[in-house]
Amino acid sequence: MSEESVIMNSEHGPVTYTSMLRDFTNIGIKPGMNLLVHSSLSSIGWVCGGAVSVIQALEHILTQSGTLIMPAHSSDVSDPAHWGNPPVPESWWEIIRKEMPVFDNGLTPTRGMGKIAESFRKQAGVRRSNHPSASFCAWGRNSDYLLQDTHFDYPQNDQSPLGRLYELDGYVLLIGVDFDKNTSFHLAEYKANCSGKRIVKDGFPLVINGVKEWYEYEDILYYSDDFIQIGKEFKVTNECMHGFIGKAKSLLFSQRTLIDFSVKWMEKNRRE
């Protein structure tokens, strides 16, 4: 959506830092929370200060006693053989594997995470975990604990930032996005005992003993087609805080409660 369209659709005026403090408080954000945020900036309306105002309002309410977490995935640092949005010709694959820059924790941008998450990545005091394609960023009290993960295989399992947030009984806030953007479902996929679960190989460039090499790692094959349906059923039987951040329909809920519900749902409903 163009900025002009966002302005034209903001019939009640601009969204501001001050108005978002009120909206975040009304939906249930509190000091000391460990909060994972998935967001769409354009859905909020025209925001004075853009992504910066959103981030600062969240941090003001959470305070340094809380922790703000956002996904920082860079899915283009991966094996081009798996790319589908868009795919590239097979004749390019080896060239890309050879020429792809090694993941740089500070330089490599996010992909498909939205303006708020990408701006958050660049903020002073924000740390980023080290998985080349499935990293997270965090600010606040529990950043070190959440981002301590250094393994490459199965990057969203119990030892990942998602798994550490589960241990801390943290929360998830969806701002203007649906459950298909909720990465915590991937942790549920690891935990669920489903007969159709498959192991796949992916890869990225890595410097090993001073030499750049193509490194392969294992992961499960994620399946997201049922995420919105799981979310719909979760909202019926579990406590969720509904509200608006600006114009954006938003939802706040316990990550642990969602994952425990999703594991049972997947084990009951998923088939090969």
# chains A, B, ... in the order shown; residues from 1 in each chain; ligands from 1
$ select_by_dssp --residues "range 185-258 of chain A" --states "strand (DSSP E or B)" --output "PyMOL selection string"
chain A and resi 199-208+211-220+241-245+248-254
$ write_last_selection --atoms "N, CA, C and O atoms" --output "short mmCIF file (atom, residue, chain, number, x, y, z; two decimals), in the first residue's frame"
data_model
loop_
_atom_site.label_atom_id
_atom_site.label_comp_id
_atom_site.auth_asym_id
_atom_site.auth_seq_id
_atom_site.Cartn_x
_atom_site.Cartn_y
_atom_site.Cartn_z
N ILE A 199 12.34 -34.73 7.64
CA ILE A 199 13.60 -34.04 7.83
C ILE A 199 14.14 -33.64 6.46
O ILE A 199 14.14 -34.45 5.52
N VAL A 200 14.57 -32.38 6.33
CA VAL A 200 15.09 -31.88 5.07
C VAL A 200 16.45 -31.24 5.29
O VAL A 200 16.85 -30.97 6.42
N LYS A 201 17.17 -31.01 4.19
CA LYS A 201 18.46 -30.33 4.23
C LYS A 201 18.31 -28.93 3.66
O LYS A 201 17.60 -28.70 2.69
N ASP A 202 19.00 -27.98 4.29
CA ASP A 202 19.11 -26.63 3.75
C ASP A 202 20.56 -26.23 3.90
O ASP A 202 21.39 -27.02 4.37
N GLY A 203 20.91 -25.00 3.49
CA GLY A 203 22.31 -24.62 3.56
C GLY A 203 22.53 -23.13 3.46
O GLY A 203 21.61 -22.36 3.16
N PHE A 204 23.77 -22.74 3.70
CA PHE A 204 24.20 -21.35 3.60
C PHE A 204 25.72 -21.33 3.57
O PHE A 204 26.39 -22.31 3.95
N PRO A 205 26.33 -20.22 3.11
CA PRO A 205 27.79 -20.13 3.14
C PRO A 205 28.28 -19.87 4.55
O PRO A 205 27.64 -19.17 5.33
N LEU A 206 29.42 -20.44 4.88
CA LEU A 206 29.99 -20.32 6.21
C LEU A 206 31.51 -20.35 6.09
O LEU A 206 32.05 -21.10 5.28
N VAL A 207 32.18 -19.53 6.89
CA VAL A 207 33.64 -19.54 6.91
C VAL A 207 34.09 -20.57 7.94
O VAL A 207 33.79 -20.44 9.13
N ILE A 208 34.80 -21.59 7.49
CA ILE A 208 35.30 -22.67 8.34
C ILE A 208 36.81 -22.73 8.19
O ILE A 208 37.33 -22.93 7.08
N VAL A 211 38.16 -20.50 5.52
CA VAL A 211 37.77 -20.77 4.13
C VAL A 211 36.24 -20.74 4.03
O VAL A 211 35.53 -21.37 4.83
N LYS A 212 35.73 -20.02 3.04
CA LYS A 212 34.29 -19.97 2.80
C LYS A 212 33.83 -21.28 2.16
O LYS A 212 34.35 -21.70 1.13
N GLU A 213 32.86 -21.93 2.80
CA GLU A 213 32.33 -23.20 2.31
C GLU A 213 30.81 -23.16 2.33
O GLU A 213 30.21 -22.35 3.02
N TRP A 214 30.20 -24.07 1.55
CA TRP A 214 28.76 -24.23 1.61
C TRP A 214 28.44 -25.25 2.70
O TRP A 214 28.89 -26.38 2.66
N TYR A 215 27.67 -24.81 3.69
CA TYR A 215 27.39 -25.64 4.87
C TYR A 215 25.94 -26.12 4.82
O TYR A 215 25.02 -25.33 4.60
N GLU A 216 25.72 -27.41 5.02
CA GLU A 216 24.38 -27.97 5.03
C GLU A 216 23.95 -28.30 6.46
O GLU A 216 24.77 -28.75 7.27
N TYR A 217 22.69 -28.05 6.75
CA TYR A 217 22.15 -28.37 8.07
C TYR A 217 20.79 -29.03 7.91
O TYR A 217 20.17 -28.98 6.84
N GLU A 218 20.33 -29.67 8.99
CA GLU A 218 19.05 -30.36 8.98
C GLU A 218 17.96 -29.51 9.63
O GLU A 218 18.22 -28.75 10.56
N ASP A 219 16.75 -29.68 9.14
CA ASP A 219 15.59 -29.04 9.75
C ASP A 219 14.38 -29.89 9.44
O ASP A 219 14.44 -30.81 8.61
N ILE A 220 13.26 -29.62 10.11
CA ILE A 220 12.03 -30.26 9.71
C ILE A 220 11.43 -29.48 8.55
O ILE A 220 11.72 -28.30 8.36
N MET A 241 -6.40 -11.29 24.22
CA MET A 241 -6.78 -9.90 24.35
C MET A 241 -6.88 -9.29 22.96
O MET A 241 -5.90 -9.29 22.20
N HIS A 242 -8.07 -8.82 22.62
CA HIS A 242 -8.33 -8.21 21.32
C HIS A 242 -8.29 -6.70 21.44
O HIS A 242 -8.70 -6.13 22.46
N GLY A 243 -7.84 -6.03 20.39
CA GLY A 243 -7.85 -4.58 20.40
C GLY A 243 -7.34 -4.03 19.09
O GLY A 243 -7.09 -4.77 18.13
N PHE A 244 -7.20 -2.71 19.04
CA PHE A 244 -6.67 -2.04 17.86
C PHE A 244 -5.43 -1.26 18.25
O PHE A 244 -5.40 -0.57 19.27
N ILE A 245 -4.39 -1.39 17.42
CA ILE A 245 -3.23 -0.51 17.50
C ILE A 245 -3.37 0.42 16.30
O ILE A 245 -3.16 0.02 15.16
N ALA A 248 -5.09 -1.07 13.19
CA ALA A 248 -4.74 -2.48 13.00
C ALA A 248 -5.42 -3.38 14.03
O ALA A 248 -5.20 -3.22 15.24
N LYS A 249 -6.22 -4.33 13.56
CA LYS A 249 -6.74 -5.35 14.46
C LYS A 249 -5.56 -6.12 15.04
O LYS A 249 -4.69 -6.58 14.31
N SER A 250 -5.56 -6.26 16.35
CA SER A 250 -4.39 -6.84 17.02
C SER A 250 -4.83 -7.84 18.07
O SER A 250 -5.97 -7.81 18.56
N LEU A 251 -3.91 -8.72 18.43
CA LEU A 251 -4.22 -9.83 19.33
C LEU A 251 -3.01 -10.10 20.21
O LEU A 251 -1.88 -10.20 19.72
N LEU A 252 -3.25 -10.25 21.51
CA LEU A 252 -2.21 -10.57 22.48
C LEU A 252 -2.58 -11.87 23.18
O LEU A 252 -3.72 -12.04 23.63
N PHE A 253 -1.61 -12.80 23.29
CA PHE A 253 -1.90 -14.09 23.92
C PHE A 253 -0.61 -14.70 24.46
O PHE A 253 0.50 -14.33 24.07
N SER A 254 -0.77 -15.69 25.32
CA SER A 254 0.35 -16.43 25.89
C SER A 254 0.95 -17.35 24.84
O SER A 254 0.24 -18.17 24.23
#
$ closest_residue --among "A:Val15, A:Val126, A:Ile96, A:Ile175" --to "Asp79 in chain A" --atoms "only C-alpha atoms"
A:Ile96
$ residues_around --residues "Gly163 in chain A" --least-positions-apart "3" --cutoff "12 Å" --atoms "only C-alpha atoms" --output "mmCIF file with all heavy atoms, in the first residue's frame"
data_model
loop_
_atom_site.group_PDB
_atom_site.id
_atom_site.type_symbol
_atom_site.label_atom_id
_atom_site.label_comp_id
_atom_site.auth_asym_id
_atom_site.auth_seq_id
_atom_site.Cartn_x
_atom_site.Cartn_y
_atom_site.Cartn_z
ATOM 1 N N PHE A 136 16.606 -14.069 15.393
ATOM 2 C CA PHE A 136 15.675 -13.193 16.083
ATOM 3 C C PHE A 136 16.463 -12.035 16.690
ATOM 4 O O PHE A 136 17.662 -12.163 16.959
ATOM 5 C CB PHE A 136 14.936 -13.931 17.204
ATOM 6 C CG PHE A 136 13.896 -14.896 16.724
ATOM 7 C CD1 PHE A 136 14.249 -16.150 16.257
ATOM 8 C CD2 PHE A 136 12.549 -14.545 16.719
ATOM 9 C CE1 PHE A 136 13.292 -17.046 15.800
ATOM 10 C CE2 PHE A 136 11.579 -15.429 16.272
ATOM 11 C CZ PHE A 136 11.955 -16.684 15.809
ATOM 12 N N TYR A 145 19.577 -14.270 27.444
ATOM 13 C CA TYR A 145 19.028 -15.612 27.622
ATOM 14 C C TYR A 145 18.303 -16.088 26.371
ATOM 15 O O TYR A 145 18.497 -17.218 25.912
ATOM 16 C CB TYR A 145 18.078 -15.645 28.815
ATOM 17 C CG TYR A 145 17.521 -17.020 29.069
ATOM 18 C CD1 TYR A 145 18.291 -17.989 29.700
ATOM 19 C CD2 TYR A 145 16.241 -17.367 28.664
ATOM 20 C CE1 TYR A 145 17.801 -19.272 29.908
ATOM 21 C CE2 TYR A 145 15.732 -18.629 28.869
ATOM 22 C CZ TYR A 145 16.515 -19.589 29.501
ATOM 23 O OH TYR A 145 16.031 -20.855 29.692
ATOM 24 N N LEU A 146 17.490 -15.229 25.786
ATOM 25 C CA LEU A 146 16.710 -15.614 24.616
ATOM 26 C C LEU A 146 17.583 -15.910 23.404
ATOM 27 O O LEU A 146 17.258 -16.787 22.596
ATOM 28 C CB LEU A 146 15.720 -14.504 24.271
ATOM 29 C CG LEU A 146 14.527 -14.364 25.210
ATOM 30 C CD1 LEU A 146 13.898 -12.993 25.074
ATOM 31 C CD2 LEU A 146 13.501 -15.453 24.934
ATOM 32 N N LEU A 147 18.698 -15.188 23.265
ATOM 33 C CA LEU A 147 19.516 -15.273 22.053
ATOM 34 C C LEU A 147 20.778 -16.098 22.239
ATOM 35 O O LEU A 147 21.672 -16.056 21.406
ATOM 36 C CB LEU A 147 19.892 -13.865 21.584
ATOM 37 C CG LEU A 147 18.730 -12.898 21.339
ATOM 38 C CD1 LEU A 147 19.255 -11.562 20.843
ATOM 39 C CD2 LEU A 147 17.715 -13.477 20.354
ATOM 40 N N GLN A 148 20.875 -16.896 23.288
ATOM 41 C CA GLN A 148 22.089 -17.658 23.550
ATOM 42 C C GLN A 148 22.311 -18.795 22.561
ATOM 43 O O GLN A 148 23.397 -19.354 22.483
ATOM 44 C CB GLN A 148 22.058 -18.231 24.968
ATOM 45 C CG GLN A 148 20.950 -19.261 25.191
ATOM 46 C CD GLN A 148 20.927 -19.768 26.622
ATOM 47 O OE1 GLN A 148 21.794 -20.527 27.024
ATOM 48 N NE2 GLN A 148 19.946 -19.323 27.391
ATOM 49 N N ASP A 149 21.289 -19.137 21.805
ATOM 50 C CA ASP A 149 21.362 -20.264 20.870
ATOM 51 C C ASP A 149 22.435 -20.053 19.809
ATOM 52 O O ASP A 149 22.521 -19.008 19.187
ATOM 53 C CB ASP A 149 19.993 -20.420 20.201
ATOM 54 C CG ASP A 149 19.962 -21.537 19.198
ATOM 55 O OD1 ASP A 149 20.567 -22.579 19.461
ATOM 56 O OD2 ASP A 149 19.335 -21.353 18.144
ATOM 57 N N TYR A 154 17.957 -27.553 13.113
ATOM 58 C CA TYR A 154 16.668 -27.374 13.785
ATOM 59 C C TYR A 154 16.590 -26.012 14.505
ATOM 60 O O TYR A 154 16.466 -25.931 15.727
ATOM 61 C CB TYR A 154 16.438 -28.532 14.764
ATOM 62 C CG TYR A 154 16.624 -29.878 14.100
ATOM 63 C CD1 TYR A 154 17.765 -30.637 14.323
ATOM 64 C CD2 TYR A 154 15.667 -30.364 13.204
ATOM 65 C CE1 TYR A 154 17.955 -31.854 13.695
ATOM 66 C CE2 TYR A 154 15.846 -31.583 12.562
ATOM 67 C CZ TYR A 154 16.998 -32.326 12.812
ATOM 68 O OH TYR A 154 17.186 -33.527 12.166
ATOM 69 N N PRO A 155 16.641 -24.928 13.741
ATOM 70 C CA PRO A 155 16.865 -23.598 14.315
ATOM 71 C C PRO A 155 15.697 -22.967 15.064
ATOM 72 O O PRO A 155 15.848 -21.879 15.621
ATOM 73 C CB PRO A 155 17.218 -22.755 13.082
ATOM 74 C CG PRO A 155 16.537 -23.436 11.952
ATOM 75 C CD PRO A 155 16.623 -24.889 12.256
ATOM 76 N N GLN A 156 14.523 -23.623 15.091
ATOM 77 C CA GLN A 156 13.399 -23.040 15.841
ATOM 78 C C GLN A 156 12.845 -24.045 16.859
ATOM 79 O O GLN A 156 11.653 -24.050 17.151
ATOM 80 C CB GLN A 156 12.322 -22.541 14.880
ATOM 81 C CG GLN A 156 12.856 -21.436 13.960
ATOM 82 C CD GLN A 156 11.799 -20.776 13.107
ATOM 83 O OE1 GLN A 156 11.061 -19.904 13.554
ATOM 84 N NE2 GLN A 156 11.725 -21.168 11.851
ATOM 85 N N ASN A 157 13.769 -24.856 17.420
ATOM 86 C CA ASN A 157 13.359 -25.878 18.382
ATOM 87 C C ASN A 157 13.437 -25.355 19.814
ATOM 88 O O ASN A 157 13.469 -24.154 20.060
ATOM 89 C CB ASN A 157 14.201 -27.143 18.186
ATOM 90 C CG ASN A 157 15.675 -26.930 18.544
ATOM 91 O OD1 ASN A 157 16.088 -25.860 18.994
ATOM 92 N ND2 ASN A 157 16.479 -27.960 18.326
ATOM 93 N N ASP A 158 13.492 -26.264 20.793
ATOM 94 C CA ASP A 158 13.457 -25.879 22.206
ATOM 95 C C ASP A 158 14.642 -25.025 22.630
ATOM 96 O O ASP A 158 14.547 -24.276 23.611
ATOM 97 C CB ASP A 158 13.412 -27.127 23.093
ATOM 98 C CG ASP A 158 12.054 -27.806 23.072
ATOM 99 O OD1 ASP A 158 11.044 -27.108 22.923
ATOM 100 O OD2 ASP A 158 12.010 -29.051 23.206
ATOM 101 N N GLN A 159 15.780 -25.145 21.946
ATOM 102 C CA GLN A 159 16.964 -24.367 22.302
ATOM 103 C C GLN A 159 17.038 -23.027 21.581
ATOM 104 O O GLN A 159 17.968 -22.248 21.788
ATOM 105 C CB GLN A 159 18.238 -25.165 22.008
ATOM 106 C CG GLN A 159 18.493 -26.316 22.961
ATOM 107 C CD GLN A 159 17.566 -27.490 22.714
ATOM 108 O OE1 GLN A 159 17.443 -27.960 21.593
ATOM 109 N NE2 GLN A 159 16.911 -27.971 23.760
ATOM 110 N N SER A 160 16.076 -22.744 20.742
ATOM 111 C CA SER A 160 16.052 -21.514 19.957
ATOM 112 C C SER A 160 15.431 -20.380 20.765
ATOM 113 O O SER A 160 14.891 -20.594 21.859
ATOM 114 C CB SER A 160 15.229 -21.734 18.684
ATOM 115 O OG SER A 160 13.838 -21.808 19.005
ATOM 116 N N TYR A 166 9.239 -19.701 25.339
ATOM 117 C CA TYR A 166 8.293 -20.652 25.916
ATOM 118 C C TYR A 166 8.646 -20.918 27.381
ATOM 119 O O TYR A 166 7.769 -20.932 28.255
ATOM 120 C CB TYR A 166 8.330 -21.945 25.108
ATOM 121 C CG TYR A 166 7.399 -23.030 25.598
ATOM 122 C CD1 TYR A 166 6.106 -23.148 25.111
ATOM 123 C CD2 TYR A 166 7.828 -23.968 26.540
ATOM 124 C CE1 TYR A 166 5.257 -24.158 25.543
ATOM 125 C CE2 TYR A 166 6.988 -24.975 26.984
ATOM 126 C CZ TYR A 166 5.710 -25.071 26.484
ATOM 127 O OH TYR A 166 4.866 -26.072 26.927
ATOM 128 N N GLU A 167 9.930 -21.111 27.657
ATOM 129 C CA GLU A 167 10.378 -21.340 29.041
ATOM 130 C C GLU A 167 10.034 -20.160 29.938
ATOM 131 O O GLU A 167 9.676 -20.344 31.112
ATOM 132 C CB GLU A 167 11.885 -21.577 29.071
ATOM 133 C CG GLU A 167 12.345 -22.874 28.434
ATOM 134 C CD GLU A 167 13.857 -22.980 28.429
ATOM 135 O OE1 GLU A 167 14.514 -22.269 29.211
ATOM 136 O OE2 GLU A 167 14.395 -23.781 27.643
ATOM 137 N N LEU A 168 10.140 -18.951 29.405
ATOM 138 C CA LEU A 168 9.860 -17.742 30.180
ATOM 139 C C LEU A 168 8.374 -17.416 30.261
ATOM 140 O O LEU A 168 7.990 -16.434 30.892
ATOM 141 C CB LEU A 168 10.610 -16.550 29.571
ATOM 142 C CG LEU A 168 12.140 -16.594 29.634
ATOM 143 C CD1 LEU A 168 12.739 -15.431 28.858
ATOM 144 C CD2 LEU A 168 12.628 -16.586 31.076
ATOM 145 N N ASP A 169 7.545 -18.234 29.612
ATOM 146 C CA ASP A 169 6.093 -18.004 29.581
ATOM 147 C C ASP A 169 5.788 -16.609 29.043
ATOM 148 O O ASP A 169 5.047 -15.823 29.635
ATOM 149 C CB ASP A 169 5.472 -18.192 30.969
ATOM 150 C CG ASP A 169 3.957 -18.376 30.918
ATOM 151 O OD1 ASP A 169 3.427 -18.603 29.806
ATOM 152 O OD2 ASP A 169 3.314 -18.295 31.986
ATOM 153 N N GLY A 170 6.383 -16.309 27.871
ATOM 154 C CA GLY A 170 6.209 -15.006 27.249
ATOM 155 C C GLY A 170 4.916 -14.879 26.475
ATOM 156 O O GLY A 170 4.077 -15.790 26.437
ATOM 157 N N THR A 183 5.425 -17.153 14.014
ATOM 158 C CA THR A 183 6.506 -18.132 13.929
ATOM 159 C C THR A 183 6.475 -19.150 15.066
ATOM 160 O O THR A 183 7.068 -20.222 14.946
ATOM 161 C CB THR A 183 7.885 -17.440 13.948
ATOM 162 O OG1 THR A 183 8.003 -16.657 15.135
ATOM 163 C CG2 THR A 183 8.066 -16.557 12.736
ATOM 164 N N SER A 184 5.793 -18.836 16.167
ATOM 165 C CA SER A 184 5.775 -19.782 17.286
ATOM 166 C C SER A 184 5.144 -21.120 16.916
ATOM 167 O O SER A 184 5.412 -22.137 17.570
ATOM 168 C CB SER A 184 5.028 -19.161 18.474
ATOM 169 O OG SER A 184 5.745 -18.073 19.015
ATOM 170 N N PHE A 185 4.333 -21.153 15.882
ATOM 171 C CA PHE A 185 3.793 -22.429 15.417
ATOM 172 C C PHE A 185 4.913 -23.405 15.036
ATOM 173 O O PHE A 185 4.732 -24.623 15.126
ATOM 174 C CB PHE A 185 2.882 -22.219 14.205
ATOM 175 C CG PHE A 185 1.492 -21.760 14.544
ATOM 176 C CD1 PHE A 185 0.915 -20.715 13.846
ATOM 177 C CD2 PHE A 185 0.744 -22.377 15.536
ATOM 178 C CE1 PHE A 185 -0.379 -20.284 14.130
ATOM 179 C CE2 PHE A 185 -0.544 -21.958 15.834
ATOM 180 C CZ PHE A 185 -1.107 -20.911 15.126
ATOM 181 N N HIS A 186 6.055 -22.878 14.583
ATOM 182 C CA HIS A 186 7.144 -23.771 14.198
ATOM 183 C C HIS A 186 7.679 -24.540 15.398
ATOM 184 O O HIS A 186 8.057 -25.715 15.287
ATOM 185 C CB HIS A 186 8.258 -22.992 13.513
ATOM 186 C CG HIS A 186 7.856 -22.381 12.209
ATOM 187 N ND1 HIS A 186 7.135 -23.075 11.258
ATOM 188 C CD2 HIS A 186 8.069 -21.143 11.684
ATOM 189 C CE1 HIS A 186 6.918 -22.291 10.214
ATOM 190 N NE2 HIS A 186 7.475 -21.110 10.451
ATOM 191 N N LEU A 187 7.718 -23.902 16.557
ATOM 192 C CA LEU A 187 8.122 -24.622 17.763
ATOM 193 C C LEU A 187 7.130 -25.746 18.062
ATOM 194 O O LEU A 187 7.529 -26.855 18.460
ATOM 195 C CB LEU A 187 8.210 -23.656 18.944
ATOM 196 C CG LEU A 187 8.571 -24.272 20.301
ATOM 197 C CD1 LEU A 187 9.908 -24.991 20.248
ATOM 198 C CD2 LEU A 187 8.580 -23.194 21.390
ATOM 199 N N ALA A 188 5.855 -25.483 17.862
ATOM 200 C CA ALA A 188 4.846 -26.527 18.047
ATOM 201 C C ALA A 188 5.075 -27.680 17.075
ATOM 202 O O ALA A 188 4.876 -28.855 17.433
ATOM 203 C CB ALA A 188 3.444 -25.939 17.855
ATOM 204 N N GLU A 189 5.501 -27.375 15.853
ATOM 205 C CA GLU A 189 5.774 -28.431 14.882
ATOM 206 C C GLU A 189 6.901 -29.339 15.352
ATOM 207 O O GLU A 189 6.873 -30.556 15.127
ATOM 208 C CB GLU A 189 6.112 -27.816 13.526
ATOM 209 C CG GLU A 189 4.924 -27.154 12.839
ATOM 210 C CD GLU A 189 5.254 -26.653 11.445
ATOM 211 O OE1 GLU A 189 5.958 -25.627 11.319
ATOM 212 O OE2 GLU A 189 4.816 -27.299 10.478
ATOM 213 N N TYR A 190 7.911 -28.766 15.997
ATOM 214 C CA TYR A 190 8.982 -29.594 16.557
ATOM 215 C C TYR A 190 8.453 -30.484 17.674
ATOM 216 O O TYR A 190 8.818 -31.658 17.787
ATOM 217 C CB TYR A 190 10.111 -28.720 17.111
ATOM 218 C CG TYR A 190 11.019 -28.117 16.082
ATOM 219 C CD1 TYR A 190 10.950 -26.758 15.782
ATOM 220 C CD2 TYR A 190 11.975 -28.882 15.413
ATOM 221 C CE1 TYR A 190 11.788 -26.187 14.847
ATOM 222 C CE2 TYR A 190 12.817 -28.313 14.467
ATOM 223 C CZ TYR A 190 12.716 -26.956 14.191
ATOM 224 O OH TYR A 190 13.550 -26.397 13.259
ATOM 225 N N LYS A 191 7.608 -29.928 18.536
ATOM 226 C CA LYS A 191 7.142 -30.647 19.713
ATOM 227 C C LYS A 191 6.109 -31.711 19.385
ATOM 228 O O LYS A 191 5.999 -32.719 20.097
ATOM 229 C CB LYS A 191 6.523 -29.644 20.708
ATOM 230 C CG LYS A 191 7.534 -28.727 21.401
ATOM 231 C CD LYS A 191 6.819 -27.732 22.309
ATOM 232 C CE LYS A 191 7.772 -26.902 23.155
ATOM 233 N NZ LYS A 191 8.452 -27.695 24.193
ATOM 234 N N GLN A 255 2.258 -17.242 24.610
ATOM 235 C CA GLN A 255 2.902 -18.121 23.643
ATOM 236 C C GLN A 255 2.832 -19.575 24.088
ATOM 237 O O GLN A 255 2.587 -20.474 23.288
ATOM 238 C CB GLN A 255 4.360 -17.701 23.432
ATOM 239 C CG GLN A 255 5.033 -18.390 22.254
ATOM 240 C CD GLN A 255 6.414 -18.932 22.588
ATOM 241 O OE1 GLN A 255 6.674 -19.311 23.731
ATOM 242 N NE2 GLN A 255 7.298 -18.962 21.606
ATOM 243 N N ARG A 256 3.059 -19.827 25.376
ATOM 244 C CA ARG A 256 3.052 -21.207 25.866
ATOM 245 C C ARG A 256 1.683 -21.854 25.687
ATOM 246 O O ARG A 256 1.572 -23.016 25.267
ATOM 247 C CB ARG A 256 3.466 -21.246 27.338
ATOM 248 C CG ARG A 256 3.536 -22.659 27.907
ATOM 249 C CD ARG A 256 3.848 -22.641 29.400
ATOM 250 N NE ARG A 256 5.208 -22.187 29.646
ATOM 251 C CZ ARG A 256 5.704 -21.980 30.865
ATOM 252 N NH1 ARG A 256 4.930 -22.160 31.934
ATOM 253 N NH2 ARG A 256 6.957 -21.579 31.021
ATOM 254 N N ILE A 259 1.188 -22.722 22.012
ATOM 255 C CA ILE A 259 1.984 -23.863 21.562
ATOM 256 C C ILE A 259 1.416 -25.166 22.118
ATOM 257 O O ILE A 259 1.288 -26.164 21.386
ATOM 258 C CB ILE A 259 3.459 -23.676 21.947
ATOM 259 C CG1 ILE A 259 4.073 -22.560 21.095
ATOM 260 C CG2 ILE A 259 4.254 -24.971 21.766
ATOM 261 C CD1 ILE A 259 5.449 -22.129 21.504
#
$ closest_residue --among "A:Met100, A:Ala134, A:Leu58, A:Val47" --to "His73 in chain A" --atoms "only C-alpha atoms"
A:Ala134
$ residues_around --residues "Ser74 in chain A" --least-positions-apart "6" --cutoff "6 Å" --atoms "only C-alpha atoms" --output "PyMOL selection string"
chain A and resi 110-111+133
$ write_last_selection --atoms "C-alpha atoms" --output "PDB file, in the first residue's frame"
ATOM      1  CA  THR A 110      15.695  -9.244   7.193  1.00  0.00           C
ATOM      2  CA  ARG A 111      13.473 -10.547   4.397  1.00  0.00           C
ATOM      3  CA  SER A 133      18.277 -17.704   7.939  1.00  0.00           C
TER       4      SER A 133
END
$ atom_distance --atom1 "CA of Gly210 in chain A" --atom2 "CA of Gly106 in chain A"
19.8 Å
$ atom_distance --atom1 "CA of Asp23 in chain A" --atom2 "CA of Ser39 in chain A"
14.5 Å
$ residues_around --residues "Asn34 in chain A" --least-positions-apart "5" --cutoff "8 Å" --atoms "only C-alpha atoms" --output "list in words"
Gly66, Thr67, Leu68, Ile69, Asn142, Leu165, Leu168, Asp169, Gly170 and Tyr171 of chain A
$ closest_residue --among "A:Ser91, A:Gln64, A:Asp104, A:Glu267" --to "Gly125 in chain A" --atoms "only C-alpha atoms"
A:Gln64
$ closest_residue --among "A:Thr16, A:Leu35, A:Ala51, A:Pro101" --to "Ser143 in chain A" --atoms "only C-alpha atoms"
A:Leu35
$ residues_around --residues "Met70 in chain A" --least-positions-apart "6" --cutoff "7 Å" --atoms "only C-alpha atoms" --output "list in words"
Leu36, Val37, His38, Ala117, Phe136, Cys137 and Ala138 of chain A
$ atom_distance --atom1 "CA of Lys247 in chain A" --atom2 "CA of Gly112 in chain A"
21.3 Å
$ closest_residue --among "A:Leu258, A:Ile27, A:Ile44, A:Ile95" --to "Asn9 in chain A" --atoms "only C-alpha atoms"
A:Ile44
$ closest_residue --among "A:Pro14, A:His151, A:Arg97, A:Phe179" --to "Asp225 in chain A" --atoms "only C-alpha atoms"
A:Phe179
